[in-house]
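Here's the structure we're looking at; comments come further down.
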Amino acid sequence: MKITTESTMNTILELTNIASPTGHTEKIMEHITHRLEAVGLEVRNTNKGNRIVTIAGEDNTQHRLLTAHVDTLGAMVKEVKSNGRLALTLVGGFRFNAIEGEYCTIETADGRKYTGTILMHQTTVHVYQDSGSAERNAVNMEVRLDEKVVSADETRSLGIEVGDFISFDPRSVRAGDFIKSRHLDDKVSVAVLLEALMLLAKEKITLPYTTHFLISNNEEIGYGGNSSIPEEVVEYIAVDMGAIGDGQTSDEYHVSICAKDSSGPYHYGLRQHLVGLAQASEIAYCVDIYPFYGSDASAAMKAGVDVKHALIGAGIEASHAYERTHKEAVVATEELVCAYLFSPLAKN
């Protein structure tokens, strides 16, 4: 089985342009559901709003599960300020400096949408002496609406209120074999699993083991894929992203296999199984440690799920900011996912 990478690249761009901040992922989940049902797959909706597709295998006594998360970083309206602008509260683990100057969309409770820009209150250098030195924090950052409003009452008259979701402009761009966009974490992996599922359905492929594909929607806040896991599952693979930076082996051209993150080591036997598959198929891979990271697989472990767990994903530059990856990393991730799906269970 070989996924068409160009189709995956197009799906990545498609998904990044559908807003899905954690807590408000209904639209993208509906989109994914329609795509999967269109090729005859049965999609189950959990109480938390996750989606699960099960592909029957020759062995139905020991199951596998692969997950990727569709929820992204975002924000919510914390306060409608007296000047008509909006104070924010962040959703997910990132810093205000990562979104300074970014365009955004505010969606009201009744579905109205307004655009704006996230700025420092003291942005104007001709007025504020501390425009460069003031801390980028919840006190100083605000949304300047693209509406003629100068008071809280005028902003509220638009229907904007505390608790409304704010999504960031993804600025998705295909630059040769690079994709630059917000929210490649984790829509690259979602695209890989979607393309794999559609190919399995179209070619009516039977896997060695019954395998569940879980698209989760609360990973960025720590509990996306920690429930609705069938008792028969013995191996759990989170397909997420490889973190790039000083001291890391991950880059934008390999699939990264995680040995350890902030939750501790991943299952050694399953990790080595994935390394062996990559070596046998000459897949471009690296093994890495992510010091400030957690995944749906680690969340499942904290929830007490009795499985072997592992984490793989395309290397993505500038995580939780304006991210970038390369087609080669997408190819390598696809190849490792496919190799795993048809491999025997890990021995240890």
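Every chain in the structure tokens has a letter given in the order shown (A, B, ...), and although residue numbers restart at 1 in each chain, ligands are simply numbered from 1 in the order shown.
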
Each residue of stretch 145-196 of chain A with at least one atom at most 9 Å from stretch 111-130 of chain A should appear once, together with its nearest atom pair and the corresponding distance in Å (one decimal); atoms considered: only C-alpha atoms; ordering: chain, then increasing residue number; output as a Markdown table.
| residue | atom | partner | partner_atom | distance |
| --- | --- | --- | --- | --- |
| A:Leu145 | CA | A:Gly116 | CA | 4.2 |
| A:Asp146 | CA | A:Gly116 | CA | 5.1 |
| A:Glu147 | CA | A:Tyr114 | CA | 8.1 |
| A:Leu158 | CA | A:Arg112 | CA | 8.5 |
| A:Gly159 | CA | A:Arg112 | CA | 7.7 |
| A:Ile160 | CA | A:Arg112 | CA | 8.7 |

Leaving out stretch 286-300 of chain A and any residue of its chain fewer than 4 positions from it, which residues lie within 9 Å of it when counting only C-alpha atoms, given as an mmCIF file with C-alpha atoms, in the first residue's frame?
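Wrote around.cif, looks like this:
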data_model
loop_
_atom_site.group_PDB
_atom_site.id
_atom_site.type_symbol
_atom_site.label_atom_id
_atom_site.label_comp_id
_atom_site.auth_asym_id
_atom_site.auth_seq_id
_atom_site.Cartn_x
_atom_site.Cartn_y
_atom_site.Cartn_z
ATOM 1 C CA THR A 67 -4.312 8.595 16.649
ATOM 2 C CA ALA A 68 -3.729 12.130 15.409
ATOM 3 C CA HIS A 69 -5.288 15.284 16.787
ATOM 4 C CA SER A 216 -8.872 13.413 18.708
ATOM 5 C CA ASN A 218 -8.468 17.838 22.955
ATOM 6 C CA GLU A 219 -4.774 16.957 22.670
ATOM 7 C CA GLU A 220 -3.511 20.518 23.071
ATOM 8 C CA GLY A 222 -3.889 17.157 27.553
ATOM 9 C CA TYR A 223 -6.688 14.605 27.209
ATOM 10 C CA GLY A 224 -7.612 14.095 23.577
ATOM 11 C CA GLY A 225 -6.996 10.385 23.074
ATOM 12 C CA ASN A 226 -7.056 9.012 26.604
ATOM 13 C CA SER A 227 -10.489 7.365 26.424
ATOM 14 C CA ILE A 229 -9.930 2.868 23.614
ATOM 15 C CA TYR A 236 -1.134 2.600 20.672
ATOM 16 C CA ILE A 237 0.684 4.892 18.227
ATOM 17 C CA ALA A 238 0.327 8.661 18.445
ATOM 18 C CA VAL A 239 1.134 10.247 15.103
ATOM 19 C CA ASP A 240 2.038 13.812 15.988
ATOM 20 C CA GLY A 242 8.867 15.880 15.691
ATOM 21 C CA ALA A 243 10.208 18.895 17.589
ATOM 22 C CA ILE A 244 13.148 20.705 15.988
ATOM 23 C CA GLN A 248 17.554 17.732 18.604
ATOM 24 C CA THR A 249 18.089 15.126 15.894
ATOM 25 C CA SER A 250 14.735 15.896 14.240
ATOM 26 C CA ASP A 251 14.588 17.979 11.069
ATOM 27 C CA HIS A 254 12.682 12.769 8.421
ATOM 28 C CA VAL A 255 10.004 11.006 10.399
ATOM 29 C CA SER A 256 10.894 11.338 14.066
ATOM 30 C CA ILE A 257 10.489 8.420 16.494
ATOM 31 C CA CYS A 258 10.224 9.677 20.059
ATOM 32 C CA ALA A 259 12.195 7.902 22.764
ATOM 33 C CA LYS A 260 11.088 10.168 25.628
ATOM 34 C CA ASP A 261 9.115 13.351 26.279
ATOM 35 C CA SER A 262 8.046 15.209 29.417
ATOM 36 C CA SER A 263 5.955 12.202 30.471
ATOM 37 C CA GLY A 264 8.940 9.852 30.438
ATOM 38 C CA PRO A 265 10.185 7.129 28.073
ATOM 39 C CA TYR A 266 7.903 5.558 25.492
ATOM 40 C CA VAL A 275 13.085 1.688 14.237
ATOM 41 C CA GLY A 304 -4.227 4.019 33.067
ATOM 42 C CA VAL A 305 -4.678 2.416 29.659
ATOM 43 C CA ASP A 306 -2.795 -0.898 29.508
ATOM 44 C CA VAL A 307 -1.052 -0.660 26.114
ATOM 45 C CA HIS A 309 2.678 3.245 23.466
ATOM 46 C CA ALA A 310 4.795 5.042 20.881
ATOM 47 C CA LEU A 311 5.018 8.431 19.204
#

May I have the residues within 12 Å of A:Ile205 as a list in words, using only C-alpha atoms and disregarding those fewer than 2 positions away in the same chain?
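Near A:Ile205, the qualifying residues are Met1, Lys2, Ile55, Ala56, Gly57, Glu58, Ala196, Leu197, Met198, Leu199, Leu200, Ala201, Lys202, Glu203, Leu207, Pro208, Tyr209, Thr210, Thr211, Cys338, Leu341 and Phe342 of chain A.
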
Which residues of stretch 142-192 of chain A sit at most 9 Å from stretch 3-12 of chain A, using only C-alpha atoms? Give each one's shortest atom pair and distance in Å (one decimal place), in chain and ascending residue order, as a tab-separated table.
residue	atom	partner	partner_atom	distance
A:Arg174	CA	A:Met9	CA	8.7
A:Ile179	CA	A:Met9	CA	8.1
A:Leu184	CA	A:Ile12	CA	7.7
A:Lys187	CA	A:Ile12	CA	6.1
A:Val188	CA	A:Ile12	CA	5.6
A:Ser189	CA	A:Ile12	CA	8.6
A:Val190	CA	A:Ile12	CA	8.0
A:Ala191	CA	A:Ile12	CA	5.6
A:Val192	CA	A:Thr8	CA	6.2

Written file, previous selection with all heavy atoms, as an mmCIF file, in the first residue's frame:
data_model
loop_
_atom_site.group_PDB
_atom_site.id
_atom_site.type_symbol
_atom_site.label_atom_id
_atom_site.label_comp_id
_atom_site.auth_asym_id
_atom_site.auth_seq_id
_atom_site.Cartn_x
_atom_site.Cartn_y
_atom_site.Cartn_z
ATOM 1 N N ARG A 174 2.093 26.731 0.088
ATOM 2 C CA ARG A 174 2.944 25.690 -0.488
ATOM 3 C C ARG A 174 4.088 26.397 -1.192
ATOM 4 O O ARG A 174 3.891 27.151 -2.141
ATOM 5 C CB ARG A 174 2.125 24.839 -1.466
ATOM 6 C CG ARG A 174 2.930 23.769 -2.218
ATOM 7 C CD ARG A 174 3.139 22.544 -1.384
ATOM 8 N NE ARG A 174 3.958 21.546 -2.088
ATOM 9 C CZ ARG A 174 3.469 20.522 -2.785
ATOM 10 N NH1 ARG A 174 2.147 20.367 -2.896
ATOM 11 N NH2 ARG A 174 4.268 19.655 -3.367
ATOM 12 N N ILE A 179 5.732 23.184 3.116
ATOM 13 C CA ILE A 179 4.458 23.780 3.504
ATOM 14 C C ILE A 179 4.730 24.641 4.723
ATOM 15 O O ILE A 179 5.329 24.185 5.701
ATOM 16 C CB ILE A 179 3.393 22.718 3.828
ATOM 17 C CG1 ILE A 179 2.889 22.057 2.542
ATOM 18 C CG2 ILE A 179 2.212 23.342 4.571
ATOM 19 C CD1 ILE A 179 1.783 21.031 2.768
ATOM 20 N N LEU A 184 0.304 23.026 11.585
ATOM 21 C CA LEU A 184 0.803 21.772 11.016
ATOM 22 C C LEU A 184 0.842 20.699 12.101
ATOM 23 O O LEU A 184 0.721 19.506 11.813
ATOM 24 C CB LEU A 184 2.190 21.988 10.401
ATOM 25 C CG LEU A 184 2.235 22.928 9.195
ATOM 26 C CD1 LEU A 184 3.657 23.074 8.680
ATOM 27 C CD2 LEU A 184 1.296 22.469 8.078
ATOM 28 N N LYS A 187 -2.086 18.742 11.938
ATOM 29 C CA LYS A 187 -2.882 18.458 10.750
ATOM 30 C C LYS A 187 -2.089 17.732 9.676
ATOM 31 O O LYS A 187 -2.684 17.107 8.786
ATOM 32 C CB LYS A 187 -3.534 19.741 10.245
ATOM 33 C CG LYS A 187 -4.588 20.233 11.235
ATOM 34 C CD LYS A 187 -5.336 21.462 10.783
ATOM 35 C CE LYS A 187 -6.418 21.812 11.822
ATOM 36 N NZ LYS A 187 -7.207 22.997 11.440
ATOM 37 N N VAL A 188 -0.767 17.759 9.765
ATOM 38 C CA VAL A 188 0.034 16.902 8.886
ATOM 39 C C VAL A 188 -0.302 15.440 9.165
ATOM 40 O O VAL A 188 -0.571 14.652 8.253
ATOM 41 C CB VAL A 188 1.539 17.169 9.083
ATOM 42 C CG1 VAL A 188 2.367 16.101 8.372
ATOM 43 C CG2 VAL A 188 1.919 18.554 8.572
ATOM 44 N N SER A 189 -0.301 15.078 10.445
ATOM 45 C CA SER A 189 -0.564 13.680 10.819
ATOM 46 C C SER A 189 -2.003 13.280 10.527
ATOM 47 O O SER A 189 -2.270 12.141 10.106
ATOM 48 C CB SER A 189 -0.260 13.477 12.299
ATOM 49 O OG SER A 189 1.076 13.807 12.582
ATOM 50 N N VAL A 190 -2.939 14.187 10.760
ATOM 51 C CA VAL A 190 -4.341 13.889 10.442
ATOM 52 C C VAL A 190 -4.483 13.588 8.956
ATOM 53 O O VAL A 190 -5.158 12.626 8.557
ATOM 54 C CB VAL A 190 -5.267 15.047 10.854
ATOM 55 C CG1 VAL A 190 -6.698 14.782 10.392
ATOM 56 C CG2 VAL A 190 -5.240 15.253 12.363
ATOM 57 N N ALA A 191 -3.818 14.385 8.128
ATOM 58 C CA ALA A 191 -3.875 14.164 6.682
ATOM 59 C C ALA A 191 -3.294 12.804 6.319
ATOM 60 O O ALA A 191 -3.848 12.080 5.470
ATOM 61 C CB ALA A 191 -3.131 15.273 5.951
ATOM 62 N N VAL A 192 -2.192 12.416 6.951
ATOM 63 C CA VAL A 192 -1.575 11.116 6.676
ATOM 64 C C VAL A 192 -2.547 9.986 7.016
ATOM 65 O O VAL A 192 -2.742 9.048 6.225
ATOM 66 C CB VAL A 192 -0.257 10.962 7.459
ATOM 67 C CG1 VAL A 192 0.236 9.514 7.410
ATOM 68 C CG2 VAL A 192 0.808 11.896 6.899
#

Report as a compact mmCIF listing (two decimals) with all heavy atoms, in the first residue's frame: the residues of stretch 33-212 of chain A with a DSSP assignment of alpha helix (DSSP H), based on the backbone of this structure.
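This went into out_29.txt:
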# COMPACT_ATOMS: atom_id res chain seq x y z
N THR A 33 -15.57 13.62 8.83
CA THR A 33 -16.58 12.56 8.80
C THR A 33 -17.15 12.39 7.39
O THR A 33 -17.28 11.26 6.89
CB THR A 33 -17.70 12.87 9.80
OG1 THR A 33 -17.15 12.92 11.12
CG2 THR A 33 -18.79 11.81 9.75
N HIS A 34 -17.47 13.49 6.75
CA HIS A 34 -18.04 13.42 5.40
C HIS A 34 -17.05 12.80 4.41
O HIS A 34 -17.43 11.99 3.55
CB HIS A 34 -18.46 14.81 4.92
CG HIS A 34 -19.63 15.36 5.67
ND1 HIS A 34 -19.86 16.71 5.82
CD2 HIS A 34 -20.63 14.74 6.34
CE1 HIS A 34 -20.95 16.89 6.54
NE2 HIS A 34 -21.43 15.71 6.87
N ARG A 35 -15.78 13.15 4.53
CA ARG A 35 -14.76 12.58 3.63
C ARG A 35 -14.66 11.07 3.80
O ARG A 35 -14.55 10.33 2.83
CB ARG A 35 -13.40 13.23 3.88
CG ARG A 35 -13.26 14.63 3.29
CD ARG A 35 -11.81 15.04 3.19
NE ARG A 35 -11.04 14.19 2.29
CZ ARG A 35 -9.77 14.44 1.95
NH1 ARG A 35 -9.14 15.49 2.45
NH2 ARG A 35 -9.13 13.64 1.14
N LEU A 36 -14.66 10.64 5.05
CA LEU A 36 -14.51 9.20 5.31
C LEU A 36 -15.76 8.42 4.93
O LEU A 36 -15.67 7.32 4.37
CB LEU A 36 -14.16 8.99 6.78
CG LEU A 36 -12.79 9.54 7.21
CD1 LEU A 36 -12.62 9.42 8.71
CD2 LEU A 36 -11.65 8.83 6.49
N GLU A 37 -16.93 8.97 5.24
CA GLU A 37 -18.17 8.28 4.88
C GLU A 37 -18.35 8.20 3.38
O GLU A 37 -18.99 7.26 2.88
CB GLU A 37 -19.36 8.99 5.54
CG GLU A 37 -19.41 8.78 7.05
CD GLU A 37 -20.58 9.48 7.71
OE1 GLU A 37 -21.14 10.42 7.08
OE2 GLU A 37 -20.93 9.11 8.85
N ALA A 152 -16.74 49.30 24.87
CA ALA A 152 -17.22 47.95 25.13
C ALA A 152 -18.64 47.74 24.62
O ALA A 152 -18.97 46.69 24.06
CB ALA A 152 -17.14 47.65 26.63
N ASP A 153 -19.48 48.76 24.79
CA ASP A 153 -20.87 48.63 24.34
C ASP A 153 -20.95 48.46 22.84
O ASP A 153 -21.76 47.66 22.33
CB ASP A 153 -21.67 49.86 24.78
CG ASP A 153 -21.98 49.87 26.27
OD1 ASP A 153 -21.84 48.79 26.90
OD2 ASP A 153 -22.34 50.93 26.79
N GLU A 154 -20.13 49.20 22.10
CA GLU A 154 -20.16 49.08 20.64
C GLU A 154 -19.69 47.69 20.20
O GLU A 154 -20.25 47.11 19.25
CB GLU A 154 -19.29 50.16 20.01
CG GLU A 154 -19.89 51.55 20.11
CD GLU A 154 -18.98 52.62 19.55
OE1 GLU A 154 -17.73 52.45 19.56
OE2 GLU A 154 -19.50 53.66 19.10
N THR A 155 -18.68 47.15 20.87
CA THR A 155 -18.22 45.80 20.53
C THR A 155 -19.27 44.76 20.89
O THR A 155 -19.55 43.84 20.11
CB THR A 155 -16.90 45.50 21.26
OG1 THR A 155 -15.89 46.40 20.77
CG2 THR A 155 -16.45 44.06 21.02
N ARG A 156 -19.89 44.92 22.04
CA ARG A 156 -20.92 43.97 22.44
C ARG A 156 -22.13 44.01 21.51
O ARG A 156 -22.84 43.02 21.33
CB ARG A 156 -21.34 44.23 23.88
CG ARG A 156 -20.34 43.71 24.91
CD ARG A 156 -20.98 43.61 26.29
NE ARG A 156 -20.19 42.72 27.15
CZ ARG A 156 -19.26 43.13 28.00
NH1 ARG A 156 -18.99 44.44 28.12
NH2 ARG A 156 -18.59 42.26 28.74
N LEU A 184 0.30 23.03 11.58
CA LEU A 184 0.80 21.77 11.02
C LEU A 184 0.84 20.70 12.10
O LEU A 184 0.72 19.51 11.81
CB LEU A 184 2.19 21.99 10.40
CG LEU A 184 2.23 22.93 9.19
CD1 LEU A 184 3.66 23.07 8.68
CD2 LEU A 184 1.30 22.47 8.08
N ASP A 185 1.03 21.13 13.33
CA ASP A 185 0.81 20.31 14.52
C ASP A 185 -0.68 20.37 14.83
O ASP A 185 -1.15 21.37 15.37
CB ASP A 185 1.66 20.86 15.67
CG ASP A 185 1.34 20.25 17.02
OD1 ASP A 185 0.75 19.16 17.05
OD2 ASP A 185 1.67 20.89 18.04
N ASP A 186 -1.51 19.41 14.49
CA ASP A 186 -1.09 18.10 14.05
C ASP A 186 -1.81 17.73 12.75
O ASP A 186 -2.10 16.58 12.51
CB ASP A 186 -1.39 17.10 15.17
CG ASP A 186 -0.86 15.70 14.90
OD1 ASP A 186 0.19 15.57 14.26
OD2 ASP A 186 -1.51 14.75 15.31
N LYS A 187 -2.09 18.74 11.94
CA LYS A 187 -2.88 18.46 10.75
C LYS A 187 -2.09 17.73 9.68
O LYS A 187 -2.68 17.11 8.79
CB LYS A 187 -3.53 19.74 10.25
CG LYS A 187 -4.59 20.23 11.24
CD LYS A 187 -5.34 21.46 10.78
CE LYS A 187 -6.42 21.81 11.82
NZ LYS A 187 -7.21 23.00 11.44
N VAL A 188 -0.77 17.76 9.77
CA VAL A 188 0.03 16.90 8.89
C VAL A 188 -0.30 15.44 9.16
O VAL A 188 -0.57 14.65 8.25
CB VAL A 188 1.54 17.17 9.08
CG1 VAL A 188 2.37 16.10 8.37
CG2 VAL A 188 1.92 18.55 8.57
N SER A 189 -0.30 15.08 10.45
CA SER A 189 -0.56 13.68 10.82
C SER A 189 -2.00 13.28 10.53
O SER A 189 -2.27 12.14 10.11
CB SER A 189 -0.26 13.48 12.30
OG SER A 189 1.08 13.81 12.58
N VAL A 190 -2.94 14.19 10.76
CA VAL A 190 -4.34 13.89 10.44
C VAL A 190 -4.48 13.59 8.96
O VAL A 190 -5.16 12.63 8.56
CB VAL A 190 -5.27 15.05 10.85
CG1 VAL A 190 -6.70 14.78 10.39
CG2 VAL A 190 -5.24 15.25 12.36
N ALA A 191 -3.82 14.38 8.13
CA ALA A 191 -3.88 14.16 6.68
C ALA A 191 -3.29 12.80 6.32
O ALA A 191 -3.85 12.08 5.47
CB ALA A 191 -3.13 15.27 5.95
N VAL A 192 -2.19 12.42 6.95
CA VAL A 192 -1.58 11.12 6.68
C VAL A 192 -2.55 9.99 7.02
O VAL A 192 -2.74 9.05 6.22
CB VAL A 192 -0.26 10.96 7.46
CG1 VAL A 192 0.24 9.51 7.41
CG2 VAL A 192 0.81 11.90 6.90
N LEU A 193 -3.19 10.06 8.18
CA LEU A 193 -4.12 9.00 8.57
C LEU A 193 -5.37 8.99 7.69
O LEU A 193 -5.88 7.92 7.34
CB LEU A 193 -4.50 9.14 10.04
CG LEU A 193 -3.38 8.92 11.07
CD1 LEU A 193 -3.97 8.81 12.48
CD2 LEU A 193 -2.54 7.70 10.75
N LEU A 194 -5.87 10.18 7.32
CA LEU A 194 -7.03 10.23 6.44
C LEU A 194 -6.74 9.58 5.10
O LEU A 194 -7.54 8.79 4.57
CB LEU A 194 -7.47 11.68 6.23
CG LEU A 194 -8.20 12.38 7.36
CD1 LEU A 194 -8.58 13.79 6.93
CD2 LEU A 194 -9.44 11.61 7.77
N GLU A 195 -5.58 9.92 4.52
CA GLU A 195 -5.23 9.35 3.22
C GLU A 195 -5.04 7.84 3.33
O GLU A 195 -5.43 7.09 2.43
CB GLU A 195 -3.96 10.02 2.68
CG GLU A 195 -4.14 11.50 2.33
CD GLU A 195 -5.09 11.73 1.17
OE1 GLU A 195 -5.12 10.89 0.24
OE2 GLU A 195 -5.83 12.73 1.19
N ALA A 196 -4.46 7.38 4.43
CA ALA A 196 -4.30 5.94 4.62
C ALA A 196 -5.66 5.25 4.71
O ALA A 196 -5.89 4.19 4.10
CB ALA A 196 -3.48 5.67 5.88
N LEU A 197 -6.57 5.84 5.48
CA LEU A 197 -7.91 5.26 5.64
C LEU A 197 -8.65 5.19 4.30
O LEU A 197 -9.28 4.17 3.98
CB LEU A 197 -8.71 6.09 6.63
CG LEU A 197 -8.55 5.74 8.10
CD1 LEU A 197 -9.17 6.82 8.98
CD2 LEU A 197 -9.17 4.38 8.40
N MET A 198 -8.58 6.26 3.54
CA MET A 198 -9.31 6.28 2.27
C MET A 198 -8.74 5.26 1.30
O MET A 198 -9.48 4.63 0.53
CB MET A 198 -9.32 7.69 1.70
CG MET A 198 -10.20 8.64 2.52
SD MET A 198 -10.46 10.27 1.79
CE MET A 198 -8.83 10.96 2.01
N LEU A 199 -7.41 5.06 1.34
CA LEU A 199 -6.80 4.07 0.47
C LEU A 199 -7.19 2.65 0.90
O LEU A 199 -7.50 1.79 0.07
CB LEU A 199 -5.29 4.23 0.48
CG LEU A 199 -4.50 3.40 -0.53
CD1 LEU A 199 -4.97 3.69 -1.96
CD2 LEU A 199 -3.01 3.69 -0.40
N LEU A 200 -7.20 2.40 2.20
CA LEU A 200 -7.63 1.10 2.71
C LEU A 200 -9.06 0.79 2.28
O LEU A 200 -9.38 -0.35 1.90
CB LEU A 200 -7.53 1.08 4.24
CG LEU A 200 -6.13 1.03 4.86
CD1 LEU A 200 -6.21 1.32 6.35
CD2 LEU A 200 -5.47 -0.33 4.60
N ALA A 201 -9.92 1.82 2.34
CA ALA A 201 -11.32 1.61 1.97
C ALA A 201 -11.47 1.38 0.47
O ALA A 201 -12.18 0.46 0.04
CB ALA A 201 -12.14 2.83 2.39
N LYS A 202 -10.80 2.19 -0.34
CA LYS A 202 -10.95 2.08 -1.79
C LYS A 202 -10.41 0.77 -2.32
O LYS A 202 -10.96 0.18 -3.25
CB LYS A 202 -10.25 3.27 -2.46
CG LYS A 202 -10.97 4.60 -2.24
CD LYS A 202 -10.19 5.77 -2.83
CE LYS A 202 -10.90 7.09 -2.58
NZ LYS A 202 -10.11 8.25 -3.07

Closest of A:Asn45, A:Asn83, A:Asn60, A:Ser281 to A:Ser151 - atom-to-atom distances counting only C-alpha atoms:
A:Asn83

For A:Lys327, find every residue with an atom within 7 Å (counting only C-alpha atoms), except residues of its own chain fewer than 4 positions away, and show them as JSON, numbers by chain.
{"A": [177, 178, 331]}

For the residues selected in the previous step, produce a file with all heavy atoms as a PDB file, in the first residue's frame.
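What ended up in part31.pdb:
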ATOM      1  N   ASP A 177       8.423  22.207  -2.221  1.00  0.00           N
ATOM      2  CA  ASP A 177       8.109  21.016  -1.438  1.00  0.00           C
ATOM      3  C   ASP A 177       7.971  21.327   0.049  1.00  0.00           C
ATOM      4  O   ASP A 177       7.831  20.410   0.866  1.00  0.00           O
ATOM      5  CB  ASP A 177       9.189  19.945  -1.645  1.00  0.00           C
ATOM      6  CG  ASP A 177       9.034  19.242  -2.987  1.00  0.00           C
ATOM      7  OD1 ASP A 177       7.917  19.274  -3.556  1.00  0.00           O
ATOM      8  OD2 ASP A 177      10.016  18.664  -3.477  1.00  0.00           O
ATOM      9  N   PHE A 178       8.019  22.599   0.419  1.00  0.00           N
ATOM     10  CA  PHE A 178       7.743  23.012   1.785  1.00  0.00           C
ATOM     11  C   PHE A 178       6.279  23.410   1.934  1.00  0.00           C
ATOM     12  O   PHE A 178       5.662  23.918   0.988  1.00  0.00           O
ATOM     13  CB  PHE A 178       8.596  24.213   2.195  1.00  0.00           C
ATOM     14  CG  PHE A 178      10.042  23.909   2.441  1.00  0.00           C
ATOM     15  CD1 PHE A 178      10.995  24.203   1.482  1.00  0.00           C
ATOM     16  CD2 PHE A 178      10.461  23.331   3.634  1.00  0.00           C
ATOM     17  CE1 PHE A 178      12.334  23.931   1.704  1.00  0.00           C
ATOM     18  CE2 PHE A 178      11.796  23.057   3.871  1.00  0.00           C
ATOM     19  CZ  PHE A 178      12.742  23.361   2.896  1.00  0.00           C
ATOM     20  N   VAL A 331       6.465  12.146   3.385  1.00  0.00           N
ATOM     21  CA  VAL A 331       6.662  10.843   2.747  1.00  0.00           C
ATOM     22  C   VAL A 331       7.156   9.818   3.763  1.00  0.00           C
ATOM     23  O   VAL A 331       6.644   8.690   3.851  1.00  0.00           O
ATOM     24  CB  VAL A 331       7.666  10.957   1.579  1.00  0.00           C
ATOM     25  CG1 VAL A 331       8.064   9.571   1.076  1.00  0.00           C
ATOM     26  CG2 VAL A 331       7.075  11.776   0.441  1.00  0.00           C
TER      27      VAL A 331
END

Just the residues within 8 Å of A:Met76, please, counting only C-alpha atoms, with nothing from its chain fewer than 6 positions along; format it as a list in words.
Leu88, Thr89, Leu90, Val91, Val162, Gly163, Asp164, Phe165 and Ile166 of chain A

Using DSSP on the backbone coordinates, identify all residues within stretch 52-276 of chain A classified as strand (DSSP E or B); present the result as a PyMOL selection string.
chain A and resi 52-55+57-69+72+74-80+86-91+103-107+113-120+141-145+165-168+173-175+178-181+207-216+233-243+255-261+264-265

Contacts of A:His212 within 7 Å, only C-alpha atoms, excl. fewer than 4 positions in-chain, as a PDB file with C-alpha atoms, in the first residue's frame:
ATOM      1  CA  ILE A  52     -13.062   6.634  15.466  1.00  0.00           C
ATOM      2  CA  VAL A  53     -12.869   4.438  12.375  1.00  0.00           C
ATOM      3  CA  THR A  54     -12.195   0.715  12.732  1.00  0.00           C
ATOM      4  CA  ILE A  55     -10.632  -1.393   9.993  1.00  0.00           C
ATOM      5  CA  ARG A  64      -3.953  -1.598  17.331  1.00  0.00           C
ATOM      6  CA  LEU A  65      -4.832   2.074  17.572  1.00  0.00           C
ATOM      7  CA  LEU A  66      -3.340   5.057  15.761  1.00  0.00           C
TER       8      LEU A  66
END

My list of candidates is A:Gly176, A:Gly269, A:Gly93, A:Pro230. Which is closest to A:Phe213 when distances are computed with only C-alpha atoms?
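Going through A:Gly176, A:Gly269, A:Gly93, A:Pro230 one by one, the smallest distance to A:Phe213 is for A:Pro230.
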
Between atom CA of A:Ser167 and atom CA of A:Gly74, what distance in Å does the model show, to one decimal?
5.3 Å

Just want the 12 Å neighbourhood of A:Asn17, counted on only C-alpha atoms, with same-chain residues fewer than 6 positions away dropped. Output as a list in words.
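Once the adjacent positions are removed, what remains is Asn10, Thr11, Lys27, Ile28, His31, Val70, Thr72, Ser167, Phe168, Asp169, Pro170, Arg171, Ser172, Val173, Ser181, Arg182, His183, Leu184 and Lys187 of chain A.
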